[in-house]
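A short worksheet on the structure shown next.
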Number of protein chains: 10
Amino acid sequence: MTDVKGLTQLGAETRIPASPEEAVLETVPYTRGEGPAAIVRFTCPEFTSLCPMTGQPDFAHIVVDYAPDARLVESKSLKLFLFSFRNHGAFHEDCTLQIGRRIVEATKPLWLRIGGYWYPRGGIPIDVFWQTGTPPEGAWVPETGVAPYRGRG
Amino acid sequence: MTDVKGLTQLGAETRIPASPEEAVLETVPYTRGEGPAAIVRFTCPEFTSLCPMTGQPDFAHIVVDYAPDARLVESKSLKLFLFSFRNHGAFHEDCTLQIGRRIVEATKPLWLRIGGYWYPRGGIPIDVFWQTGTPPEGAWVPETGVAPYRGRG
Amino acid sequence: MTDVKGLTQLGAETRIPASPEEAVLETVPYTRGEGPAAIVRFTCPEFTSLCPMTGQPDFAHIVVDYAPDARLVESKSLKLFLFSFRNHGAFHEDCTLQIGRRIVEATKPLWLRIGGYWYPRGGIPIDVFWQTGTPPEGAWVPETGVAPYRGRG
Amino acid sequence: MTDVKGLTQLGAETRIPASPEEAVLETVPYTRGEGPAAIVRFTCPEFTSLCPMTGQPDFAHIVVDYAPDARLVESKSLKLFLFSFRNHGAFHEDCTLQIGRRIVEATKPLWLRIGGYWYPRGGIPIDVFWQTGTPPEGAWVPETGVAPYRGRG
Amino acid sequence: MTDVKGLTQLGAETRIPASPEEAVLETVPYTRGEGPAAIVRFTCPEFTSLCPMTGQPDFAHIVVDYAPDARLVESKSLKLFLFSFRNHGAFHEDCTLQIGRRIVEATKPLWLRIGGYWYPRGGIPIDVFWQTGTPPEGAWVPETGVAPYRGRG
Amino acid sequence: MTDVKGLTQLGAETRIPASPEEAVLETVPYTRGEGPAAIVRFTCPEFTSLCPMTGQPDFAHIVVDYAPDARLVESKSLKLFLFSFRNHGAFHEDCTLQIGRRIVEATKPLWLRIGGYWYPRGGIPIDVFWQTGTPPEGAWVPETGVAPYRGRG
Amino acid sequence: MTDVKGLTQLGAETRIPASPEEAVLETVPYTRGEGPAAIVRFTCPEFTSLCPMTGQPDFAHIVVDYAPDARLVESKSLKLFLFSFRNHGAFHEDCTLQIGRRIVEATKPLWLRIGGYWYPRGGIPIDVFWQTGTPPEGAWVPETGVAPYRGRG
Amino acid sequence: MTDVKGLTQLGAETRIPASPEEAVLETVPYTRGEGPAAIVRFTCPEFTSLCPMTGQPDFAHIVVDYAPDARLVESKSLKLFLFSFRNHGAFHEDCTLQIGRRIVEATKPLWLRIGGYWYPRGGIPIDVFWQTGTPPEGAWVPETGVAPYRGRG
Amino acid sequence: MTDVKGLTQLGAETRIPASPEEAVLETVPYTRGEGPAAIVRFTCPEFTSLCPMTGQPDFAHIVVDYAPDARLVESKSLKLFLFSFRNHGAFHEDCTLQIGRRIVEATKPLWLRIGGYWYPRGGIPIDVFWQTGTPPEGAWVPETGVAPYRGRG
Amino acid sequence: MTDVKGLTQLGAETRIPASPEEAVLETVPYTRGEGPAAIVRFTCPEFTSLCPMTGQPDFAHIVVDYAPDARLVESKSLKLFLFSFRNHGAFHEDCTLQIGRRIVEATKPLWLRIGGYWYPRGGIPIDVFWQTGTPPEGAWVPETGVAPYRGRG
Ligand SMILES: [Ca+2]
Ligand SMILES: [Ca+2]
Ligand SMILES: [Ca+2]
Ligand SMILES: [Ca+2]
Ligand SMILES: [Ca+2]
Ligand SMILES: [Ca+2]
Ligand SMILES: [Ca+2]
Ligand SMILES: [Ca+2]
Ligand SMILES: [Ca+2]
Ligand SMILES: [Ca+2]
Ligand SMILES: [Ca+2]
Ligand SMILES: [Ca+2]
Ligand SMILES: [Ca+2]
Ligand SMILES: [Ca+2]
Ligand SMILES: [Ca+2]
Ligand SMILES: [Ca+2]
């Protein structure tokens, strides 16, 4: 059974942190066992932040894949961290990389990649893809399979 | 065999008309025959005009269904008419209705409907749907089946 | 067991008729039985004819629905009839209606409809829809469900 | 709890009947309760019979919708009845209607419809649609939603 | 703001009820306002019960549409009610109708319909569709759009 | 050319209103012309509000269809109105109906309908559908075609 | 013919084991023959377990690929093993790895991988991917092709 | 022109062989020409055999890719060979490998792979993938692209 | 601007060549510039030839990818070349390779591949894949993404 | 926060440049940080230029992936650059490569690739794919996933 002592957010009604800086990414211990690393994927189709130039909302569909080493991200704290961008102004490239780097810092995984698929502004969507290096030897890392943007018709 | 005399654009290399007003919608004779009216559908996934407020391009996927009575639209002149909006400034609602009404005027059909599916601006697409009345009795008028806009993810 | 006497094409290797006029639509007897009319659908994704203006090939996906009364279309003769348009020049509207009317003539059905979904020329496809009237009372006539043309992307 | 006494096939390993005539469609009692009739749908994507002309296998995807009155079809006997066409020669129209009429006979439903979507032979598939009349007043009868045949590409 | 007094399950960690009979469907007050009735849809792709004959699990995708009159279903109590079938043995037809009738009893809606799309057993899935009558005049009730079963390939 | 005098938001950089109450829905004049009413559709795949019970974000895909009479909704003010729900707490049913009723109030259309397709919480999404009455006689109102929720796999 | 002696569950009505520990994974002998290893894939779209924190049901779509060496998994015992998680509480990562490791232990395959695609909780689904190493040289291992989660719209 | 002498089945009405052993896989000569090997793909969505334990029908969608060296499989004899499994009892793994090995034996190809995608029994489908080695150097071997099984909903 | 002198077919109404041998593949000069080779893809969903055994029409969806060196295929002459197979009898394997080799001969590209996806005959489609070698170093060659054949249902 | 000083187009209403030569691609500073390069993707489903032979409009769906080094493309200037092809005549191959090379020149990225998916003319679409070399070591570069052209049906 997973060791859950020390978790402060799971099972409690928790408010959205006011900013990504205030959000706390909690973790739980994980034992890798034999064989290549396992890969864990989080999908967040409901990400929203603000445009730093105009103050208008931006929206994205975010996919994170990582290979945990000794710590797992606790999923409720991850959700609150993602929600904390709600009133935060940043460019698409910066938001995406910031999410990836924070999870790296919290869990020190063997490997992580993040894809940010942003909704179009002015008809042209931007996607941002980043990973910490090549995937762990022998691990199975499927495509994210997110459909490309195609306008109308 | 369809009567093609009087057609001036078919088979010749023709330049794009400078405006919808300059474009000429040519027609060919049509005989309805027995039974309910036939329905003819044109699909134009390549429509473009300009925004009257900002001068920036707008894009749409256009579908026209009509029930010809005694005249068919000649398809090359239709294409040139649609291309003539390329440097024309008008709102989505106005463009869509103008196309529908011009084809009505040229062919005096039993019935016509037009759907304009406009590409998103600011993340929110607009669709415009218009028809001249209920379809002719007994005619078969399938759905256009254009997929709804769904953003990303 | 269906009565197949008099059929001349089924089971023999038959050449494509030189024109639609030379093609023979054969039929077999059919007994309607109790209840509303049954609907029979043929789908031909491989129809081809020639453009009467330019002599170049045209292609279409054809769907025929009909409610047989006392005769069924024999399917091999239908196939040969459809293949007979291969070197025949006619406009999209004319081809589609000619196919529909020939099957009506051969089988005298309770009802028939035909949809011709033509491949694009110059970026704008044409669809032609025709039926002999409203479907027979109580019969089940599903949508053809053919996807609309959407260009690229 | 449904009354299952008298069922001879459910729970036993039963061989496929040699022909549709030998197959027995068993039923269980059903109580309609208040409100409009309920609709029950069986889908069989694995139907196979033989062509009566050539002896070669035919394949179909079959959908049956019916509104039970006082008897439900027992699903294992339905499966065996459908499997009994495996070595039976009949035209598409006949097979489809025979299935529909046998279920009508066994359950005396308020209403039934059947769709037979046959695999293409020679590139042209045949679909057969039949129902016993208009659906019961106030009942909900969704489309079967089977995708149309589209060849390749 | 919706009146939430009297709700006993929302916001508390609640165990799954041992049976549908023990589950309590809670409701909140609703005011209809002007115009035709609004339609509310719940989708549960995660329904599971047991087969009464063999004790093995059955699975279904359930869609409920209803037109509330003076009470809304509280969504957490609905979820627990649906989860309470987890160790309950009943035929597909009975489960589906029982869910529909319990929501009718709890909310006394203007109208309700339920679709139960059951996973295949032995290759043949069963769907069950029921509604309390024709939808309220002027209300908008979209199709559920659940894709039909198609086997493999 | 559409009369744009009096518009205060189009072409200017405008901040998100603090609440739906503060947002102003601006309109432009519209002339209906001959024939049945035209239908205009807005799609917003980027709607977000807050849950009134937990303060956590809710997300929805919103589709509005309306038949303008003498006024069109100005699209930038509509976008700002929709964005104003960003920090507003309300139940799904209330949010959806409030949007619909505000557009009715601002444009006094011949007819309007709204569909709110809410993202799942706890695995069960809620959809809300409302319209002001039956669509205007002879108008063309296509399905919204939003895909149903289906979980995973 | 496969050697089936010693199988205790196939052909008998067997109850669901009370826990994964009680479940017995039976195997049958397999001869590899010439050439690279064959790959066998099981897909289980109907997996369900309980959340160890809240006791509520979790759902997953599971795909297992393995390269048998001298033993095949007997499919009915696999099904019962999977069903045995029905009342078992474990995190997503643990469940997925436990299934994979048990099949490895029972069949000592050349290679195995498992993908667990879990239904969303709180809007964010988790997928878990694990394999025992790189696939056997020269074997053909297709993608699982499971569609990514995309919320609504 | 391909050399067709010696073919005994093409152009004749041929009965289904009683078993795979009785079926004869005929071949025609093939000249490879310059450059890497060409790949030929057969798709059979209509494969059926019998379960050796219960005698009930099994169904599969089969895809064969091979790189011919000096002989091509004659397609009619391949079809009859596949149909010969109709009353043959064998496990999924055995059937799939037997088909692959027989084609190897008949054509001595540079390379061959076979995918057997079996319809679900008890809700869990099995796929079998095998190839004779790594594909020929420089050849183009696309994915089969068969969609994964996903149950209902 | 591309050098178009010497082109004889572009801009003129040209008849379909009587055979592939009579068709002339014209080319235009091309300058590669820095970096890896560019890849150009032609898609022809409208290919048709005749079966050399029976004289009946065959249909295919053809995709050609090539890396031009110093000459581009002129697209109108390519279209006429493809249309020239209309009354030409050849096996699927031969037609596909003949198209590929002719383009190689005309343009002497760095690399070329061709995929021929043939419509089913007797329920079993054939695909043919060929390339001149491994793609040029550093070039981007996407999958063709043609959907596999899947029969009905 | 990204450094935006020196940007002249963002936040201002800017007219479409008269030609690609007049368009200015602006950039903003970017810091790569640790780990492999991030990949940024722009999708433009609304590209249009003119055919240099006939003066008629051409349309394309364009996808650009690049790995920024020290500069990002400013997205509004990119949009205006793309719009500047509106009245520019050039072949598909030239347009596509020109876009790619201009972004390379402006941002001096670690790597860039561009895909131009052009709408069909005469039934045969052309796609153009180019990249500056192999992607940066360790970077994640997903497929563009644009659906292949498939004509009708
Ligand atoms: Ca936009
Ligand atoms: Ca936008
Ligand atoms: Ca979405
Ligand atoms: Ca075209
Ligand atoms: Ca498009
Ligand atoms: Ca096609
Ligand atoms: Ca099954
Ligand atoms: Ca199938
Ligand atoms: Ca959920
Ligand atoms: Ca599912
Ligand atoms: Ca959720
Ligand atoms: Ca099953
Ligand atoms: Ca065929
Ligand atoms: Ca066939
Ligand atoms: Ca075309
Ligand atoms: Ca087709």
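By order in the structure tokens, chains are A, B, ...; within a chain, residues start at 1; ligands start at 1, following the order shown.
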Around ligand 11, out to 12 Å and counting only C-alpha atoms and all ligand atoms, which residues are there? I want them as JSON, numbers by chain. {"A": [43, 44, 45, 46, 79], "E": [43, 44, 45], "F": [56, 57, 58, 59, 118, 119, 120, 121, 122, 123, 124, 125, 126, 149, 151, 152], "G": [118, 119, 120, 121, 122, 123, 124, 125, 126, 149, 150, 151, 152]}
Select, as a PyMOL selection string, those residues of chain E with any atom no more than 6 Å from chain F (distances computed using only C-alpha atoms). chain E and resi 35-36+38-45+138+145
Could you save the residues just selected, with N, CA and C atoms, as a PDB file, in the first residue's frame?
```
ATOM      1  N   GLY E  35     -40.290  29.970 -20.922  1.00  0.00           N
ATOM      2  CA  GLY E  35     -39.899  29.226 -22.127  1.00  0.00           C
ATOM      3  C   GLY E  35     -40.021  27.726 -21.937  1.00  0.00           C
ATOM      4  N   PRO E  36     -39.711  26.993 -22.989  1.00  0.00           N
ATOM      5  CA  PRO E  36     -39.805  25.527 -22.914  1.00  0.00           C
ATOM      6  C   PRO E  36     -38.865  24.969 -21.843  1.00  0.00           C
ATOM      7  N   ALA E  38     -35.923  23.053 -19.939  1.00  0.00           N
ATOM      8  CA  ALA E  38     -34.512  22.734 -20.180  1.00  0.00           C
ATOM      9  C   ALA E  38     -34.337  21.229 -20.045  1.00  0.00           C
ATOM     10  N   ILE E  39     -33.341  20.701 -20.762  1.00  0.00           N
ATOM     11  CA  ILE E  39     -33.034  19.269 -20.704  1.00  0.00           C
ATOM     12  C   ILE E  39     -31.661  19.112 -20.054  1.00  0.00           C
ATOM     13  N   VAL E  40     -31.546  18.191 -19.102  1.00  0.00           N
ATOM     14  CA  VAL E  40     -30.273  17.925 -18.434  1.00  0.00           C
ATOM     15  C   VAL E  40     -29.863  16.487 -18.759  1.00  0.00           C
ATOM     16  N   ARG E  41     -28.609  16.329 -19.143  1.00  0.00           N
ATOM     17  CA  ARG E  41     -28.098  14.995 -19.517  1.00  0.00           C
ATOM     18  C   ARG E  41     -26.960  14.563 -18.607  1.00  0.00           C
ATOM     19  N   PHE E  42     -27.060  13.356 -18.054  1.00  0.00           N
ATOM     20  CA  PHE E  42     -25.968  12.709 -17.333  1.00  0.00           C
ATOM     21  C   PHE E  42     -25.420  11.578 -18.187  1.00  0.00           C
ATOM     22  N   THR E  43     -24.117  11.469 -18.268  1.00  0.00           N
ATOM     23  CA  THR E  43     -23.505  10.350 -18.988  1.00  0.00           C
ATOM     24  C   THR E  43     -22.643   9.563 -18.021  1.00  0.00           C
ATOM     25  N   CYS E  44     -22.852   8.251 -17.961  1.00  0.00           N
ATOM     26  CA  CYS E  44     -22.066   7.406 -17.066  1.00  0.00           C
ATOM     27  C   CYS E  44     -21.422   6.280 -17.875  1.00  0.00           C
ATOM     28  N   PRO E  45     -20.162   6.463 -18.274  1.00  0.00           N
ATOM     29  CA  PRO E  45     -19.523   5.415 -19.074  1.00  0.00           C
ATOM     30  C   PRO E  45     -18.960   4.293 -18.215  1.00  0.00           C
ATOM     31  N   GLY E 138     -41.554  21.943 -27.499  1.00  0.00           N
ATOM     32  CA  GLY E 138     -40.616  23.061 -27.660  1.00  0.00           C
ATOM     33  C   GLY E 138     -39.253  22.842 -27.037  1.00  0.00           C
ATOM     34  N   GLY E 145     -25.918  10.179 -29.581  1.00  0.00           N
ATOM     35  CA  GLY E 145     -24.737  10.067 -30.435  1.00  0.00           C
ATOM     36  C   GLY E 145     -23.761   8.956 -30.059  1.00  0.00           C
TER      37      GLY E 145
END
```
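The spacing separating atom CA of Pro17 of chain B from atom CA of Lys76 of chain B amounts to 12.4 Å.
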So the first atom is atom CA of Arg15 of chain H and the second is atom CA of Ser75 of chain C; what is the distance between them in Å, to one decimal place?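 About the pair atom CA of Arg15 of chain H and atom CA of Ser75 of chain C: they are 21.2 Å apart.
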Quick one: DSSP strand (DSSP E) residues in segment 7-147 of chain D, as a count of residues only? 43
Give me, as a PyMOL selection string, the residues of segment 3-148 of chain E that a backbone DSSP run labels helix (DSSP H, G or I). chain E and resi 75-83+92-107
Can you work out the spacing between atom CA of Ala60 of chain J and atom CA of Cys95 of chain B in Å, to one decimal? 22.1 Å
From the set C:Leu112, C:Arg71, C:Gly100, C:His61, which residue has the shortest atom-to-atom contact distance to ligand 6, counting only C-alpha atoms and all ligand atoms?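 Of C:Leu112, C:Arg71, C:Gly100, C:His61, the one nearest ligand 6, counting only C-alpha atoms and all ligand atoms, is C:His61.
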